[in-house]
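Okay, so here's the structure we're looking at.
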Amino acid sequence: MLITLLSNLGLVALFSYALGLTYRTWPPRHAPADVAQRILLAAFSAVVLGLQGGPQGHLYLIPLALAALRYGPLAGVAVAAPVLLTGLVFPGAALPFPAQILTGTGTLTLLTTLLAPRLRLDLPPDHRHRLWWGTPLLFGPVLLITHLSSQWFPMRTPLLAAGWPHLLPELLISCLSVVLLHGALHSRLHLLRVSDTFRAEAHTDVLTGLSNRRQFDQDLPFLQPGDHLLVMDLDHFKRVNDEYGHTEGDAVLRRVALLLRGTLRPSDPAYRIGGEEFAVILRGTPTPQAEAVAQRCLSAARQWTGSGPTVTLSAGLACHGLSDTPLHTHQRADEALYTAKGSGRDCLRAAPHSAGQPPGSHQSLRAALPQFHGDQPPTTAGWHALLQAARNSVPGAEAGSLYVVEHGDFVLLAQCGFDDHLLGERSPPSGQRAWYGGPDDQWLAGVPRVLRGYAVTAAANAALRATFQAGGEQPQGQWRLDDISETLGVPITADGHVIAFLNLDRFGPGVVFDASAQEIAVSFAVQAALLLAPRARRERKVQRTRELEALVQITGSLRDARSADDVIHAINSMSHVVLNARQAIYLSYDPASDTLNSSRTYGLPSQTPVHSQRRGQGLSWAAIAARDVIRVNNMDADQRILRVDGVGGGACLIAPLQTPDRLLGVLVVIRSHSFGENDAQLARTLAAQGVTALERAERIRAMEEGREGILAALGRALEARDFETQGHTTRVLNLTLQVGRWMNLAAEELASLRDGAYLHDLGKVQIPDAVLLKPGPLTADEWAIMRQHSPAGEELARHIPGLSLHALQVIRHHHERWDGTGYPDGLSGPAIPLLARIFSVCDVFDALTSVRPYKCSWTVQDALDEIRRQSGVSFDPQVVQVFLTVMAEQQARPSRGGPASVHPRLPPQRLGE
């Protein structure tokens, strides 16, 4: 019996697995085909369970119950029918009698109808407890009635006649089977729901809730002829981020997405395919209706009346033709979008079909395409082919030039109709902007501009002045400005940046560059932008990486610079690192003489004389007046350069370091190859960081001077209270620092030695006057009190901010003796801190050579002899040797006078107390 029940449970598990496989999507589908499939599966399972369970088993009722609970009583009858039919067709099969099957089916159908609201198959997991009491109510009566009915039917086997012992196991296996099926089904549905959630998140833009670029790339290949692709871009979105912040920019993107969902039809999928770029696929939509939908989207954005800044959309629309590839349709929609931006923005432009492109534009451009594939830079022939394609595309164009952004500057890479010596000419962004002459928004939007007659010369002169002010060079060739009757200029833009500038010129009379010619030039510029954009993106990525690395290096170099001299040294060093400087000169500003003086150099001989520039001399003062970097790419050819001994030729970059109201200095950088605008930006970063570091160094110096003044005043106040002669602290301090420098102490140790010298007798403020001012020898008790001034001074000094541990050690241990007989801790030998050993020698020497109320001053020689005798007893022999060397050097210099008498009967206990 147990083996039969366990085998039946295994069949139920197999049925639950097969049932779960019929659910393949989320949310679950209950289409007629899906319902039929599940009922057939339940019917098959009922027949198998009926045959497996034998005449004493009723497990065929489990699939019947599940079908009736989920799809109603008719589904239960449909499941029971095959079981009944099998029993009728095969009377010898191991199945209950047909009458019993009918009784069980009828009873179960009635009970499932009554219990279905409480025992739905789609019960959530947290309501699963209902199954534990519901399934016994469902199967118990059925099994009981079926068993009782067997008394009115002849038994096939004696086992069924004695079926009472089998009722409880069958009830248990039936209930467990339903619970098992319910758990397996919900596990499958949970897996489908989680998978669907992850799939949706992977194809949904988190910020806007629209489909993302991944979903767009999957849907784009399924464009059909007659479908329209609408591409939209927010106008001046960078300005929104700059003025309102990125949080408000995100809110604008969410608002536009909401407007699109409210404007479009449910069947029109919308996507966010870039930062501020959106796309819509209009399937099976006639062109007039597609244009109407696009206009509604633009109007919805334009007419926004809620909170936040008002924004507009530019849009490009392309119809997918029979011979078009999806990628080509997307490209045409993009070109139409850029045309809309070039036409003033906030408008819609529809892309013409391939046959309607400007005559010759594709054919002319195709010849230049091979030169712009891959990561290798195009050759001169490639740039010339691109310019020739532009000239051939625009009717009436006789000459032209193409400037491309390289290292931040516009570099002339192709020309036709002018002098080849002009190739390679560099123009700073300010110079190219002056030549264009239009507003910034039109410059960034790629709007064409036409100059005629005198306006050509005026714009050229403005560009020349802007270039000259930025330190640029005079053109080396001839532009034939007097011959140009008409010039058409188009900024080539990509990703919100102007990456090139196209000039097309005419020498003949008349007006040729009309609106039609300008539209053709803009169309060509859009196509050229697609070729040049990858190269520009790579260069911007390299420049961003270079700027970030430079910023990290500059910050790290200046972070630990505490003095102005350290900062200037770091600035010169960084000019070599981030700007490849061959030589660098830092000119410090002297307000007293109103001059710039070279204070630090890099790459120049150490004996280079100081270079001074009076106000108004040279390009340094010009950069100060312009408050910006000036570049000169040929120092030998520029008369404004002041010559400095040791500086060779090459390119020069001059960066002023100044605040809005104060001049600090000028950095001059020289290298062999020219500087670009990207280098100028790095120099601005270095100058700005240098200004911050110099101001910080000045504040540190002011604080240190103020702090040292306070400590000096405190030291002199302690002198006034003790027997020490005026100037004792200053003399000991100077002598101690000399010895410290001879012993090659670090700057931090010298600063600690200075602080300790100022405060070495701070603890004497706690000594009673009767002891401190006693003219004669001290008693033992008085001497014990006097010895407490060292630890007391350390304890008081701990409350002074900024004092180092070494300074505190000087205060505590300057009365320790080399032989260990000193106080307060009885340290000996090297255990005594070095700074305290140095100060002890200098302090005792000054005490010996100074007049006190209880003694006369010793001569310098007698004091030196006493110091020498105490070497190895009271003092560190090494320190004594250095001290004697320092004093010997002082005695060799002319004397300023000093004590000349000696008192050999000086009470030794008062020496250096």
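Lettering and numbering for the structure tokens are positional, with chains as A, B, ... in the shown order, residues counted from 1 in each chain, and ligands counted from 1 in the shown order.
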*Enumerate the residues of segment 263-362 of chain A with a DSSP assignment of alpha helix (DSSP H), computed from the backbone, and present them as an NGL selection string.*
:A and (263 or 287-302 or 326-342 or 361-362)
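The residues of segment 626-823 of chain A that DSSP classifies as strand (DSSP E), using the backbone of this structure, are A:Ile630, A:Arg631, A:Val632, A:Ala651, A:Cys652, A:Leu653, A:Ile654, A:Ala655, A:Pro656, A:Leu657, A:Gln658, A:Thr659, A:Arg662, A:Leu663, A:Leu664, A:Gly665, A:Val666, A:Leu667, A:Val668, A:Val669, A:Ile670, A:Arg671.
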Just the selected residues (N, CA, C and O atoms), exported as a PDB file, in the first residue's frame, please.
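Output file part-v9.pdb is given in full below:
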```
ATOM      1  N   ILE A 630      48.073  83.225 -22.513  1.00  0.00           N
ATOM      2  CA  ILE A 630      48.506  83.648 -23.848  1.00  0.00           C
ATOM      3  C   ILE A 630      49.500  82.618 -24.361  1.00  0.00           C
ATOM      4  O   ILE A 630      50.380  82.163 -23.625  1.00  0.00           O
ATOM      5  N   ARG A 631      49.334  82.233 -25.638  1.00  0.00           N
ATOM      6  CA  ARG A 631      50.215  81.250 -26.258  1.00  0.00           C
ATOM      7  C   ARG A 631      50.945  81.869 -27.431  1.00  0.00           C
ATOM      8  O   ARG A 631      50.354  82.628 -28.207  1.00  0.00           O
ATOM      9  N   VAL A 632      52.220  81.556 -27.546  1.00  0.00           N
ATOM     10  CA  VAL A 632      53.036  81.960 -28.700  1.00  0.00           C
ATOM     11  C   VAL A 632      53.729  80.698 -29.200  1.00  0.00           C
ATOM     12  O   VAL A 632      54.520  80.098 -28.467  1.00  0.00           O
ATOM     13  N   ALA A 651      57.983  77.189 -28.500  1.00  0.00           N
ATOM     14  CA  ALA A 651      56.668  77.738 -28.165  1.00  0.00           C
ATOM     15  C   ALA A 651      56.658  78.166 -26.705  1.00  0.00           C
ATOM     16  O   ALA A 651      57.366  77.611 -25.861  1.00  0.00           O
ATOM     17  N   CYS A 652      55.821  79.148 -26.430  1.00  0.00           N
ATOM     18  CA  CYS A 652      55.771  79.736 -25.088  1.00  0.00           C
ATOM     19  C   CYS A 652      54.317  79.853 -24.661  1.00  0.00           C
ATOM     20  O   CYS A 652      53.436  80.195 -25.464  1.00  0.00           O
ATOM     21  N   LEU A 653      54.077  79.549 -23.404  1.00  0.00           N
ATOM     22  CA  LEU A 653      52.743  79.698 -22.815  1.00  0.00           C
ATOM     23  C   LEU A 653      52.885  80.505 -21.527  1.00  0.00           C
ATOM     24  O   LEU A 653      53.761  80.221 -20.702  1.00  0.00           O
ATOM     25  N   ILE A 654      52.033  81.505 -21.371  1.00  0.00           N
ATOM     26  CA  ILE A 654      52.123  82.420 -20.233  1.00  0.00           C
ATOM     27  C   ILE A 654      50.789  82.383 -19.495  1.00  0.00           C
ATOM     28  O   ILE A 654      49.739  82.682 -20.074  1.00  0.00           O
ATOM     29  N   ALA A 655      50.837  81.995 -18.224  1.00  0.00           N
ATOM     30  CA  ALA A 655      49.616  81.853 -17.421  1.00  0.00           C
ATOM     31  C   ALA A 655      49.709  82.736 -16.179  1.00  0.00           C
ATOM     32  O   ALA A 655      50.602  82.531 -15.347  1.00  0.00           O
ATOM     33  N   PRO A 656      48.834  83.724 -16.048  1.00  0.00           N
ATOM     34  CA  PRO A 656      48.868  84.573 -14.844  1.00  0.00           C
ATOM     35  C   PRO A 656      48.245  83.869 -13.647  1.00  0.00           C
ATOM     36  O   PRO A 656      47.277  83.120 -13.782  1.00  0.00           O
ATOM     37  N   LEU A 657      48.793  84.114 -12.484  1.00  0.00           N
ATOM     38  CA  LEU A 657      48.229  83.630 -11.223  1.00  0.00           C
ATOM     39  C   LEU A 657      47.715  84.844 -10.467  1.00  0.00           C
ATOM     40  O   LEU A 657      48.502  85.622  -9.905  1.00  0.00           O
ATOM     41  N   GLN A 658      46.418  85.031 -10.473  1.00  0.00           N
ATOM     42  CA  GLN A 658      45.844  86.217  -9.863  1.00  0.00           C
ATOM     43  C   GLN A 658      44.433  85.928  -9.379  1.00  0.00           C
ATOM     44  O   GLN A 658      43.736  85.047  -9.904  1.00  0.00           O
ATOM     45  N   THR A 659      44.052  86.665  -8.356  1.00  0.00           N
ATOM     46  CA  THR A 659      42.692  86.630  -7.840  1.00  0.00           C
ATOM     47  C   THR A 659      41.955  87.835  -8.409  1.00  0.00           C
ATOM     48  O   THR A 659      42.559  88.662  -9.100  1.00  0.00           O
ATOM     49  N   ARG A 662      43.944  90.750  -6.762  1.00  0.00           N
ATOM     50  CA  ARG A 662      45.340  90.667  -6.348  1.00  0.00           C
ATOM     51  C   ARG A 662      46.135  89.850  -7.351  1.00  0.00           C
ATOM     52  O   ARG A 662      45.664  88.832  -7.855  1.00  0.00           O
ATOM     53  N   LEU A 663      47.360  90.313  -7.655  1.00  0.00           N
ATOM     54  CA  LEU A 663      48.277  89.608  -8.549  1.00  0.00           C
ATOM     55  C   LEU A 663      49.327  88.896  -7.716  1.00  0.00           C
ATOM     56  O   LEU A 663      49.949  89.504  -6.830  1.00  0.00           O
ATOM     57  N   LEU A 664      49.524  87.604  -7.993  1.00  0.00           N
ATOM     58  CA  LEU A 664      50.514  86.823  -7.261  1.00  0.00           C
ATOM     59  C   LEU A 664      51.764  86.573  -8.091  1.00  0.00           C
ATOM     60  O   LEU A 664      52.877  86.615  -7.563  1.00  0.00           O
ATOM     61  N   GLY A 665      51.600  86.281  -9.362  1.00  0.00           N
ATOM     62  CA  GLY A 665      52.753  86.010 -10.200  1.00  0.00           C
ATOM     63  C   GLY A 665      52.331  85.528 -11.567  1.00  0.00           C
ATOM     64  O   GLY A 665      51.148  85.523 -11.924  1.00  0.00           O
ATOM     65  N   VAL A 666      53.309  85.090 -12.358  1.00  0.00           N
ATOM     66  CA  VAL A 666      53.071  84.614 -13.721  1.00  0.00           C
ATOM     67  C   VAL A 666      53.947  83.384 -13.947  1.00  0.00           C
ATOM     68  O   VAL A 666      55.127  83.371 -13.570  1.00  0.00           O
ATOM     69  N   LEU A 667      53.367  82.367 -14.552  1.00  0.00           N
ATOM     70  CA  LEU A 667      54.107  81.160 -14.928  1.00  0.00           C
ATOM     71  C   LEU A 667      54.374  81.211 -16.432  1.00  0.00           C
ATOM     72  O   LEU A 667      53.443  81.351 -17.232  1.00  0.00           O
ATOM     73  N   VAL A 668      55.643  81.074 -16.796  1.00  0.00           N
ATOM     74  CA  VAL A 668      56.057  81.065 -18.205  1.00  0.00           C
ATOM     75  C   VAL A 668      56.599  79.666 -18.502  1.00  0.00           C
ATOM     76  O   VAL A 668      57.524  79.194 -17.832  1.00  0.00           O
ATOM     77  N   VAL A 669      56.002  79.001 -19.497  1.00  0.00           N
ATOM     78  CA  VAL A 669      56.377  77.633 -19.856  1.00  0.00           C
ATOM     79  C   VAL A 669      56.877  77.628 -21.290  1.00  0.00           C
ATOM     80  O   VAL A 669      56.241  78.216 -22.180  1.00  0.00           O
ATOM     81  N   ILE A 670      58.002  76.974 -21.507  1.00  0.00           N
ATOM     82  CA  ILE A 670      58.610  76.903 -22.845  1.00  0.00           C
ATOM     83  C   ILE A 670      58.792  75.434 -23.207  1.00  0.00           C
ATOM     84  O   ILE A 670      59.226  74.617 -22.372  1.00  0.00           O
ATOM     85  N   ARG A 671      58.453  75.092 -24.444  1.00  0.00           N
ATOM     86  CA  ARG A 671      58.715  73.748 -24.966  1.00  0.00           C
ATOM     87  C   ARG A 671      58.952  73.845 -26.460  1.00  0.00           C
ATOM     88  O   ARG A 671      58.714  74.899 -27.078  1.00  0.00           O
TER      89      ARG A 671
END
```
_segment 733-743 of chain A environment, 7 Å, only C-alpha atoms, sequence neighbours closer than 4 positions dropped, as a PyMOL selection string_ = chain A and resi 729+750+754+757+838-839+842+882-883+886
Go ahead and save the picked residues with N, CA and C atoms, as a CSV table (one decimal), in the first residue's frame.
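What ended up in result16.csv:
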```csv
chain,number,residue,atom,x,y,z
A,729,THR,N,65.8,84.1,26.3
A,729,THR,CA,65.1,83.1,25.4
A,729,THR,C,65.5,83.3,24.0
A,750,LEU,N,63.2,71.4,13.7
A,750,LEU,CA,63.6,72.7,14.1
A,750,LEU,C,62.4,73.6,14.6
A,754,ARG,N,62.2,75.2,18.3
A,754,ARG,CA,61.9,76.6,18.5
A,754,ARG,C,60.7,76.7,19.6
A,757,ALA,N,62.0,75.8,23.0
A,757,ALA,CA,62.8,76.9,23.6
A,757,ALA,C,62.0,78.0,24.1
A,838,ILE,N,70.1,68.9,22.9
A,838,ILE,CA,70.6,70.1,22.2
A,838,ILE,C,70.3,71.3,23.0
A,839,PHE,N,69.1,71.4,23.4
A,839,PHE,CA,68.7,72.7,24.1
A,839,PHE,C,69.4,72.8,25.5
A,842,CYS,N,72.8,74.5,25.1
A,842,CYS,CA,72.7,75.9,24.8
A,842,CYS,C,72.2,76.7,26.0
A,882,VAL,N,79.4,69.4,18.3
A,882,VAL,CA,78.8,70.3,17.3
A,882,VAL,C,78.6,71.7,17.9
A,883,PHE,N,78.3,71.8,19.1
A,883,PHE,CA,78.1,73.1,19.8
A,883,PHE,C,79.5,73.9,19.8
A,886,VAL,N,80.1,75.2,16.3
A,886,VAL,CA,79.3,76.4,16.1
A,886,VAL,C,79.9,77.6,16.8
```
